[in-house]
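One structure is given here, and the rest of the page talks about it.
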Amino acid sequence: MNSPAIQLIVGLGNPGQKYTNTRHNAGFWFVDALARRTNVSFKSEAKFSGEVCKLQLKGQAFWLLKPTTFMNRSGLAVKQLSSFYKIPVEHILVVHDELDLNPGTVRLKSAGGHGGHNGLRDIHAHMGKTYQRLRIGIGHPGDRSKVVDFVLGNPSLDDSIDIERGIDAAIDIIDLVVIGELQKAMHRLHSE
């Protein structure tokens with residue numbers, strides 16, 4: 001059974017040079033890498049509180065969005081763009097950092113809770129929870145009290161390499177995701 005075709009991919013992160021290389025920006029890293037691979041460029045769109053571009057894979061056109069709000073206000077940008085283009089929440093893929101996965105492990109998930117992630121929490125508040133997710137593993141500091149500093153810190157060189165590999169593997173299957181072949185994409189991605 002197919003999933004809904006994807007009309008919007010949202011990469012989560014924090015804007016500004018200070019946060020560019022932090023683990024919390026793994027969603028930005030993914031959409032930036034996808035844009036580079038497909039030769040499209042982001043442009044700032046104030047009415048969507050973000051940077052956007054449009055591309056097409058396997059005949060499916062979709063938007064890429066990088067909210068320029070901070071992480072805990074990500075839902076605003078998602079709501080603005082999806083409302084303007086009348087994109088149902090089930091046709092949205094949100095790409096985000098995931099503490100519960102090792103660096104470089106990437107998993108697809110359909111709907112679910114926010115797991116304490118501030119960006120997902122805000123998207124839930126604006127849109128509900130039935131969107132698709134691409135979770136990019138960044139590892140865990142091992143102590144809950146260290147999570148904020150950890151996600152707002154830069155990964156080690158080894159972790160960066162692993163995360164980059166995971167992002168590349170996810171980009172390799174994204175054409176299946178956007179046409180609604182989520183199960184096939186999961187099988188390929190999760191068995192690597």
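Labeling convention for the structure tokens: chains A, B, ... as they appear, residues from 1 per chain, ligands from 1 in order of appearance.
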
Open item on the list: Excluding Leu64 (chain A) and its own-chain neighbours fewer than 2 positions away, which residues fall within 9 Å of it when counting only C-alpha atoms? Please give them as a list in words.
Closed with: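 My list of contacting residues is Gln7, Leu8, Ile9, Val10, Gly11, Val31, Ala35, Phe42, Glu51, Val52, Cys53, Lys54, Leu55, Phe62 and Lys66 of chain A.
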
Open item on the list: For region 106-110 of chain A, find every residue with an atom within 8 Å (counting only C-alpha atoms), except residues of its own chain fewer than 5 positions away, and show them as a PyMOL selection string.
Closed with: chain A and resi 101+130-137+166-167+170+182+186+189-190

Saved selection, atoms kept: N, CA and C atoms, as a compact mmCIF listing (two decimals), in the first residue's frame:
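Saved file part.txt follows:
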```txt
# COMPACT_ATOMS: atom_id res chain seq x y z
N LEU A 101 18.90 7.88 18.00
CA LEU A 101 19.57 7.08 16.98
C LEU A 101 21.06 7.44 16.96
N THR A 130 0.22 14.00 11.92
CA THR A 130 0.13 12.95 10.90
C THR A 130 1.09 13.14 9.72
N TYR A 131 2.08 14.01 9.87
CA TYR A 131 3.08 14.19 8.83
C TYR A 131 4.09 13.04 8.87
N GLN A 132 4.86 12.90 7.80
CA GLN A 132 5.91 11.89 7.71
C GLN A 132 7.20 12.47 8.30
N ARG A 133 8.10 11.61 8.75
CA ARG A 133 9.37 12.09 9.31
C ARG A 133 10.56 11.34 8.74
N LEU A 134 11.64 12.05 8.64
CA LEU A 134 12.94 11.46 8.35
C LEU A 134 13.83 11.85 9.51
N ARG A 135 14.20 10.87 10.31
CA ARG A 135 14.94 11.09 11.55
C ARG A 135 16.42 10.83 11.32
N ILE A 136 17.24 11.84 11.55
CA ILE A 136 18.69 11.73 11.34
C ILE A 136 19.37 11.59 12.69
N GLY A 137 19.97 10.43 12.92
CA GLY A 137 20.61 10.15 14.20
C GLY A 137 21.81 11.06 14.46
N GLY A 166 24.83 9.11 6.42
CA GLY A 166 23.41 8.85 6.61
C GLY A 166 22.54 9.74 5.73
N ILE A 167 22.91 11.00 5.66
CA ILE A 167 22.18 11.95 4.81
C ILE A 167 22.28 11.53 3.35
N ALA A 170 19.97 8.67 2.73
CA ALA A 170 18.57 9.12 2.71
C ALA A 170 18.24 9.82 1.39
N LEU A 182 6.76 4.78 0.50
CA LEU A 182 7.41 4.85 1.80
C LEU A 182 7.91 3.49 2.29
N MET A 186 11.67 2.69 3.12
CA MET A 186 12.05 2.22 4.46
C MET A 186 12.88 0.95 4.36
N LEU A 189 16.36 1.82 3.05
CA LEU A 189 17.12 2.64 3.99
C LEU A 189 17.45 1.88 5.27
N HIS A 190 16.48 1.16 5.81
CA HIS A 190 16.66 0.49 7.09
C HIS A 190 17.47 -0.79 7.00
```

- [ ] Write down as a ChimeraX atom specification the residues belonging to chain A that are assigned strand (DSSP E or B) by DSSP computed on the backbone.
- [x] /A:8-11,43-45,50-57,60-67,92-98,106-110,132-137

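Separating CA of Thr105 (chain A) from CA of Asp168 (chain A) is a distance of 11.1 Å.
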
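For the residues A:Gly139, A:Gly119, A:Gly113, A:Pro88, ranking by smallest atom-to-atom distance to Asn14 (chain A) using only C-alpha atoms places A:Gly119 first.
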
- [ ] May I ask for the distance between CA of Ser49 (chain A) and CA of Thr22 (chain A), given in Å to one decimal place?
- [x]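 So the answer is 21.0 Å.
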
Task: Counting only C-alpha atoms, the residue of A:His124, A:Gly104, A:Ala5, A:His91 that sits nearest Arg165 (chain A) - done: A:Gly104

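Comparing the minimum interatomic distances between Gly180 (chain A) and each of A:Phe30, A:Phe84, A:Lys79, A:Glu90, counting only C-alpha atoms, we find that A:Glu90 sits nearest.
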
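Residues in contact with Ile123 (chain A) at 10 Å, where only C-alpha atoms are counted and same-chain residues fewer than 2 positions away are skipped, are listed as Met71, Asn72, Arg73, Ser74, Gly75, Leu76, Ala77, Val78, Lys79, Val94, His114, Asn118, Gly119, Leu120, Arg121, Ala125, His126, Met127, Gly128, Lys129 and Tyr131 of chain A.
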
Please save N, CA and C atoms of the selected residues as an mmCIF file, in the first residue's frame.
```
data_model
loop_
_atom_site.group_PDB
_atom_site.id
_atom_site.type_symbol
_atom_site.label_atom_id
_atom_site.label_comp_id
_atom_site.auth_asym_id
_atom_site.auth_seq_id
_atom_site.Cartn_x
_atom_site.Cartn_y
_atom_site.Cartn_z
ATOM 1 N N MET A 71 14.052 27.027 16.072
ATOM 2 C CA MET A 71 13.507 25.666 16.092
ATOM 3 C C MET A 71 12.136 25.598 16.761
ATOM 4 N N ASN A 72 11.998 26.251 17.919
ATOM 5 C CA ASN A 72 10.751 26.133 18.678
ATOM 6 C C ASN A 72 9.581 26.893 18.052
ATOM 7 N N ARG A 73 9.805 27.522 16.874
ATOM 8 C CA ARG A 73 8.730 28.214 16.144
ATOM 9 C C ARG A 73 8.606 27.666 14.717
ATOM 10 N N SER A 74 9.125 26.484 14.479
ATOM 11 C CA SER A 74 9.129 25.887 13.135
ATOM 12 C C SER A 74 7.741 25.698 12.551
ATOM 13 N N GLY A 75 6.771 25.424 13.396
ATOM 14 C CA GLY A 75 5.420 25.155 12.920
ATOM 15 C C GLY A 75 4.806 26.310 12.159
ATOM 16 N N LEU A 76 5.186 27.528 12.499
ATOM 17 C CA LEU A 76 4.652 28.713 11.815
ATOM 18 C C LEU A 76 4.960 28.661 10.322
ATOM 19 N N ALA A 77 6.226 28.422 9.975
ATOM 20 C CA ALA A 77 6.641 28.374 8.566
ATOM 21 C C ALA A 77 5.944 27.233 7.828
ATOM 22 N N VAL A 78 5.862 26.076 8.469
ATOM 23 C CA VAL A 78 5.210 24.916 7.851
ATOM 24 C C VAL A 78 3.738 25.235 7.587
ATOM 25 N N LYS A 79 3.081 25.831 8.563
ATOM 26 C CA LYS A 79 1.663 26.193 8.422
ATOM 27 C C LYS A 79 1.462 27.220 7.303
ATOM 28 N N VAL A 94 8.960 15.891 7.367
ATOM 29 C CA VAL A 94 9.787 16.737 8.223
ATOM 30 C C VAL A 94 11.082 15.993 8.517
ATOM 31 N N HIS A 114 6.086 13.773 19.415
ATOM 32 C CA HIS A 114 7.217 14.673 19.167
ATOM 33 C C HIS A 114 8.462 14.294 19.956
ATOM 34 N N ASN A 118 11.650 20.168 20.228
ATOM 35 C CA ASN A 118 10.934 21.448 20.209
ATOM 36 C C ASN A 118 10.383 21.828 18.839
ATOM 37 N N GLY A 119 11.103 21.497 17.777
ATOM 38 C CA GLY A 119 10.603 21.785 16.432
ATOM 39 C C GLY A 119 9.364 20.965 16.120
ATOM 40 N N LEU A 120 9.406 19.675 16.447
ATOM 41 C CA LEU A 120 8.251 18.809 16.208
ATOM 42 C C LEU A 120 7.077 19.216 17.094
ATOM 43 N N ARG A 121 7.371 19.588 18.331
ATOM 44 C CA ARG A 121 6.312 20.030 19.244
ATOM 45 C C ARG A 121 5.539 21.209 18.646
ATOM 46 N N ALA A 125 1.618 21.527 17.253
ATOM 47 C CA ALA A 125 0.684 22.557 17.709
ATOM 48 C C ALA A 125 -0.010 23.253 16.528
ATOM 49 N N HIS A 126 0.728 23.439 15.430
ATOM 50 C CA HIS A 126 0.173 24.132 14.260
ATOM 51 C C HIS A 126 -0.544 23.199 13.274
ATOM 52 N N MET A 127 -0.070 21.946 13.178
ATOM 53 C CA MET A 127 -0.498 21.078 12.070
ATOM 54 C C MET A 127 -1.087 19.729 12.489
ATOM 55 N N GLY A 128 -0.882 19.319 13.719
ATOM 56 C CA GLY A 128 -1.220 17.953 14.098
ATOM 57 C C GLY A 128 0.002 17.065 13.931
ATOM 58 N N LYS A 129 -0.180 15.752 14.050
ATOM 59 C CA LYS A 129 0.980 14.858 14.078
ATOM 60 C C LYS A 129 1.020 13.820 12.964
ATOM 61 N N TYR A 131 2.081 14.014 9.875
ATOM 62 C CA TYR A 131 3.081 14.191 8.827
ATOM 63 C C TYR A 131 4.093 13.043 8.874
#
```

Task: Atomic distance CA of Val40 (chain A) - CA of Gly16 (chain A), expressed in Å with one decimal - done: 20.8 Å

Task: Expected answer as a ChimeraX atom specification: helix (DSSP H, G or I) residues in chain A - done: /A:17-19,23-37,46-48,71-84,89-91,118-127,144-151,157-178,182-190

Task: Residues near Thr20 (chain A), cut-off 9 Å, only C-alpha atoms, skip fewer than 6 positions along chain, as a PyMOL selection string - done: chain A and resi 13-14+28-29+154

How about saving the chosen residues, N, CA and C atoms kept, as a PDB file, in the first residue's frame?
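As written to disk, out-v9.pdb reads:
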```pdb
ATOM      1  N   GLY A  13      16.026  23.283  11.720  1.00  0.00           N
ATOM      2  CA  GLY A  13      17.300  23.799  12.215  1.00  0.00           C
ATOM      3  C   GLY A  13      17.090  25.178  12.794  1.00  0.00           C
ATOM      4  N   ASN A  14      18.167  25.769  13.247  1.00  0.00           N
ATOM      5  CA  ASN A  14      18.146  27.143  13.748  1.00  0.00           C
ATOM      6  C   ASN A  14      18.862  28.038  12.752  1.00  0.00           C
ATOM      7  N   PHE A  28      18.448  20.909   8.320  1.00  0.00           N
ATOM      8  CA  PHE A  28      18.967  21.867   7.332  1.00  0.00           C
ATOM      9  C   PHE A  28      20.034  21.204   6.469  1.00  0.00           C
ATOM     10  N   TRP A  29      20.919  20.425   7.101  1.00  0.00           N
ATOM     11  CA  TRP A  29      21.993  19.766   6.340  1.00  0.00           C
ATOM     12  C   TRP A  29      21.404  18.888   5.249  1.00  0.00           C
ATOM     13  N   ASN A 154      28.646  21.203  18.228  1.00  0.00           N
ATOM     14  CA  ASN A 154      29.084  20.613  16.961  1.00  0.00           C
ATOM     15  C   ASN A 154      29.465  19.152  17.166  1.00  0.00           C
TER      16      ASN A 154
END
```

Open item on the list: From the options A:Ala185, A:Leu152, A:Leu157, A:Val178, which residue's atoms come nearest to Leu93 (chain A), counting only C-alpha atoms?
Closed with: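 That would be A:Val178, the residue with the smallest distance to Leu93 (chain A).
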
- [ ] Determine the nearest neighbour of Pro4 (chain A) from the options A:His187, A:Ile179, A:Gln17, A:Leu99, counting only C-alpha atoms.
- [x] A:Ile179
